[in-house]
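**Student:** Sharing a structure here in structure tokens format.
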Amino acid sequence: MPRNSRTLAWGAATAPSLDDIEALAEETYAKLPAEFRALCEGLIIQVVDFPDEETLEQMEASSEFDLLGLFHGRGLAQRGAADETGALPNMVWLYRRPLLDFWCEGEDTLGAVVAHVLVHEIGHHFGLSDEDMEAIEAGAE
């Protein structure tokens, strides 16, 4: 069987690391319109391998692979005129192992998967529901 450069490249490849997923998220974030990024001031984006047990229970997940990402906080639309003192900053969590599992089963690039999940979770930061975002995506197709 002849060898080609693509086969050799995959033979030396390793799974994308937490830093690799974070770099893809940073690249996506940097491409967002400046007006959106301005509304994300103080938003923290965190990449970890899996959601913790408490999150899995709260989200009623049947497996640690069920969540690709999660927004935690209060959406901009739900905040009052004055932010609460001592309130934690809004956070977006990206879960590396579920993202990789989803990517391996699909046809999209890893960058596209990370971008989709990040933009979806930032949508929650803006106060959009899952239903709102599904309607927006359907209208864009």
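Every chain in the structure tokens has a letter given in the order shown (A, B, ...), and although residue numbers restart at 1 in each chain, ligands are simply numbered from 1 in the order shown.
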So which residues touch range 11-22 of chain A within 10 Å, counting only C-alpha atoms, skipping near sequence neighbours fewer than 6 positions away, as a list in words?

**Tutor:**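 Non-adjacent residues within range: Ser5, Thr28, Ile45, Gln46, Val47, Val48, Asp49, Leu94, Tyr95, Arg96, Arg97, Leu99, Leu100, Leu110, Gly111 and Val114 of chain A.
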
**Student:** Could you write out that same residue set with C-alpha atoms as a PDB file, in the first residue's frame?

**Tutor:**
ATOM      1  CA  SER A   5       1.818  12.720   2.960  1.00  0.00           C
ATOM      2  CA  THR A  28     -13.596  32.809  16.554  1.00  0.00           C
ATOM      3  CA  ILE A  45     -14.338  31.853  28.192  1.00  0.00           C
ATOM      4  CA  GLN A  46     -13.051  28.710  29.871  1.00  0.00           C
ATOM      5  CA  VAL A  47     -12.022  25.427  28.207  1.00  0.00           C
ATOM      6  CA  VAL A  48     -11.989  22.215  30.265  1.00  0.00           C
ATOM      7  CA  ASP A  49     -12.175  18.537  29.381  1.00  0.00           C
ATOM      8  CA  LEU A  94     -16.344  24.816  26.301  1.00  0.00           C
ATOM      9  CA  TYR A  95     -15.898  21.093  26.933  1.00  0.00           C
ATOM     10  CA  ARG A  96     -12.991  19.665  24.950  1.00  0.00           C
ATOM     11  CA  ARG A  97     -13.729  15.933  25.038  1.00  0.00           C
ATOM     12  CA  LEU A  99     -16.443  18.722  21.330  1.00  0.00           C
ATOM     13  CA  LEU A 100     -13.887  16.255  19.959  1.00  0.00           C
ATOM     14  CA  LEU A 110     -13.153  21.239  14.461  1.00  0.00           C
ATOM     15  CA  GLY A 111     -12.906  25.009  14.033  1.00  0.00           C
ATOM     16  CA  VAL A 114     -15.954  25.203  18.276  1.00  0.00           C
TER      17      VAL A 114
END

**Student:** Which of these, A:Glu137, A:Asp132, A:Asp101, A:Glu121, has the shortest distance to Asp66 in chain A once you count only C-alpha atoms?

**Tutor:** A:Asp101

**Student:** In terms of the shortest atom-to-atom distance over only C-alpha atoms, which of A:Met133, A:Leu128, A:Val117, A:Ala138 is closest to Leu24 in chain A?

**Tutor:**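 For Leu24 in chain A, the nearest of the candidates is A:Val117.
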
**Student:** For the alpha helix (DSSP H) assignment from backbone DSSP, which residues of chain A qualify? Please present them as number ranges by chain.

**Tutor:** A: 5-11, 18-31, 34-39, 53-58, 96-105, 110-125, 130-140

**Student:** Keeping only C-alpha atoms, take the residues you just selected and write them out as a PDB file, in the first residue's frame.

**Tutor:**
ATOM      1  CA  SER A   5       1.818  12.720   2.960  1.00  0.00           C
ATOM      2  CA  ARG A   6      -1.756  12.797   4.300  1.00  0.00           C
ATOM      3  CA  THR A   7      -1.404   9.329   5.827  1.00  0.00           C
ATOM      4  CA  LEU A   8       1.938  10.251   7.366  1.00  0.00           C
ATOM      5  CA  ALA A   9       0.525  13.487   8.804  1.00  0.00           C
ATOM      6  CA  TRP A  10      -2.329  11.611  10.525  1.00  0.00           C
ATOM      7  CA  GLY A  11       0.102   9.003  11.792  1.00  0.00           C
ATOM      8  CA  LEU A  18      -7.127  22.323  25.839  1.00  0.00           C
ATOM      9  CA  ASP A  19      -4.801  25.031  24.493  1.00  0.00           C
ATOM     10  CA  ASP A  20      -5.689  24.094  20.905  1.00  0.00           C
ATOM     11  CA  ILE A  21      -9.433  24.401  21.603  1.00  0.00           C
ATOM     12  CA  GLU A  22      -8.827  27.679  23.429  1.00  0.00           C
ATOM     13  CA  ALA A  23      -6.893  29.002  20.417  1.00  0.00           C
ATOM     14  CA  LEU A  24      -9.810  28.079  18.106  1.00  0.00           C
ATOM     15  CA  ALA A  25     -12.211  29.858  20.473  1.00  0.00           C
ATOM     16  CA  GLU A  26      -9.982  32.946  20.601  1.00  0.00           C
ATOM     17  CA  GLU A  27      -9.801  32.998  16.800  1.00  0.00           C
ATOM     18  CA  THR A  28     -13.596  32.809  16.554  1.00  0.00           C
ATOM     19  CA  TYR A  29     -14.050  35.498  19.203  1.00  0.00           C
ATOM     20  CA  ALA A  30     -11.627  37.822  17.411  1.00  0.00           C
ATOM     21  CA  LYS A  31     -13.700  37.505  14.225  1.00  0.00           C
ATOM     22  CA  ALA A  34     -16.609  44.766  17.287  1.00  0.00           C
ATOM     23  CA  GLU A  35     -20.102  45.726  18.522  1.00  0.00           C
ATOM     24  CA  PHE A  36     -20.654  42.162  19.776  1.00  0.00           C
ATOM     25  CA  ARG A  37     -17.234  41.957  21.418  1.00  0.00           C
ATOM     26  CA  ALA A  38     -17.956  45.255  23.193  1.00  0.00           C
ATOM     27  CA  LEU A  39     -21.091  43.675  24.682  1.00  0.00           C
ATOM     28  CA  GLU A  53     -20.719  16.562  38.299  1.00  0.00           C
ATOM     29  CA  GLU A  54     -22.813  19.448  39.657  1.00  0.00           C
ATOM     30  CA  THR A  55     -23.280  20.869  36.151  1.00  0.00           C
ATOM     31  CA  LEU A  56     -24.200  17.458  34.756  1.00  0.00           C
ATOM     32  CA  GLU A  57     -26.829  17.059  37.474  1.00  0.00           C
ATOM     33  CA  GLN A  58     -28.230  20.589  37.002  1.00  0.00           C
ATOM     34  CA  ARG A  96     -12.991  19.665  24.950  1.00  0.00           C
ATOM     35  CA  ARG A  97     -13.729  15.933  25.038  1.00  0.00           C
ATOM     36  CA  PRO A  98     -17.428  16.231  24.062  1.00  0.00           C
ATOM     37  CA  LEU A  99     -16.443  18.722  21.330  1.00  0.00           C
ATOM     38  CA  LEU A 100     -13.887  16.255  19.959  1.00  0.00           C
ATOM     39  CA  ASP A 101     -16.392  13.400  20.118  1.00  0.00           C
ATOM     40  CA  PHE A 102     -19.012  15.458  18.261  1.00  0.00           C
ATOM     41  CA  TRP A 103     -16.427  16.556  15.682  1.00  0.00           C
ATOM     42  CA  CYS A 104     -15.302  12.965  15.029  1.00  0.00           C
ATOM     43  CA  GLU A 105     -18.873  11.888  14.329  1.00  0.00           C
ATOM     44  CA  LEU A 110     -13.153  21.239  14.461  1.00  0.00           C
ATOM     45  CA  GLY A 111     -12.906  25.009  14.033  1.00  0.00           C
ATOM     46  CA  ALA A 112     -16.489  25.147  12.768  1.00  0.00           C
ATOM     47  CA  VAL A 113     -17.759  23.052  15.687  1.00  0.00           C
ATOM     48  CA  VAL A 114     -15.954  25.203  18.276  1.00  0.00           C
ATOM     49  CA  ALA A 115     -17.159  28.390  16.555  1.00  0.00           C
ATOM     50  CA  HIS A 116     -20.779  27.197  16.492  1.00  0.00           C
ATOM     51  CA  VAL A 117     -20.789  26.253  20.179  1.00  0.00           C
ATOM     52  CA  LEU A 118     -19.006  29.447  21.246  1.00  0.00           C
ATOM     53  CA  VAL A 119     -21.366  31.703  19.273  1.00  0.00           C
ATOM     54  CA  HIS A 120     -24.351  29.768  20.652  1.00  0.00           C
ATOM     55  CA  GLU A 121     -23.192  30.255  24.252  1.00  0.00           C
ATOM     56  CA  ILE A 122     -22.429  33.943  23.617  1.00  0.00           C
ATOM     57  CA  GLY A 123     -26.014  34.158  22.353  1.00  0.00           C
ATOM     58  CA  HIS A 124     -27.118  33.141  25.849  1.00  0.00           C
ATOM     59  CA  HIS A 125     -24.910  35.926  27.239  1.00  0.00           C
ATOM     60  CA  ASP A 130     -32.170  28.154  22.482  1.00  0.00           C
ATOM     61  CA  GLU A 131     -35.460  28.677  20.629  1.00  0.00           C
ATOM     62  CA  ASP A 132     -34.449  32.245  19.663  1.00  0.00           C
ATOM     63  CA  MET A 133     -31.161  31.016  18.233  1.00  0.00           C
ATOM     64  CA  GLU A 134     -32.785  28.119  16.365  1.00  0.00           C
ATOM     65  CA  ALA A 135     -35.176  30.605  14.725  1.00  0.00           C
ATOM     66  CA  ILE A 136     -32.276  32.912  13.795  1.00  0.00           C
ATOM     67  CA  GLU A 137     -30.305  30.009  12.301  1.00  0.00           C
ATOM     68  CA  ALA A 138     -33.354  28.746  10.397  1.00  0.00           C
ATOM     69  CA  GLY A 139     -33.929  32.236   8.985  1.00  0.00           C
ATOM     70  CA  ALA A 140     -30.309  32.451   7.850  1.00  0.00           C
TER      71      ALA A 140
END

**Student:** If you run DSSP on this backbone, which residues of range 8-108 of chain A come out as strand (DSSP E or B), and could you give them as a ChimeraX atom specification?

**Tutor:** /A:44-48,69-72,91-95

**Student:** Please indicate the distance in Å from CA of Ile44 in chain A to CA of Met59 in chain A, rounded to one decimal place.

**Tutor:**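 Between CA of Ile44 in chain A and CA of Met59 in chain A the gap is 20.2 Å.
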
**Student:** Just to confirm, what's the straight-line distance from CA of Asp108 in chain A to CA of Asp52 in chain A in Å (one decimal)?

**Tutor:**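 Here the two named atoms are 26.5 Å from each other.
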
**Student:** What gap, in Å, lies between CA of Gly106 in chain A and CA of Phe50 in chain A?

**Tutor:**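 Atom-to-atom, CA of Gly106 in chain A to CA of Phe50 in chain A, that is 19.6 Å.
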
**Student:** Name all residues at most 7 Å from Gly73 in chain A (count only C-alpha atoms; drop same-chain ones fewer than 5 positions away) and give them as a list in words.

**Tutor:**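 After dropping sequence-adjacent residues, the list is Pro89, Asn90 and Met91 of chain A.
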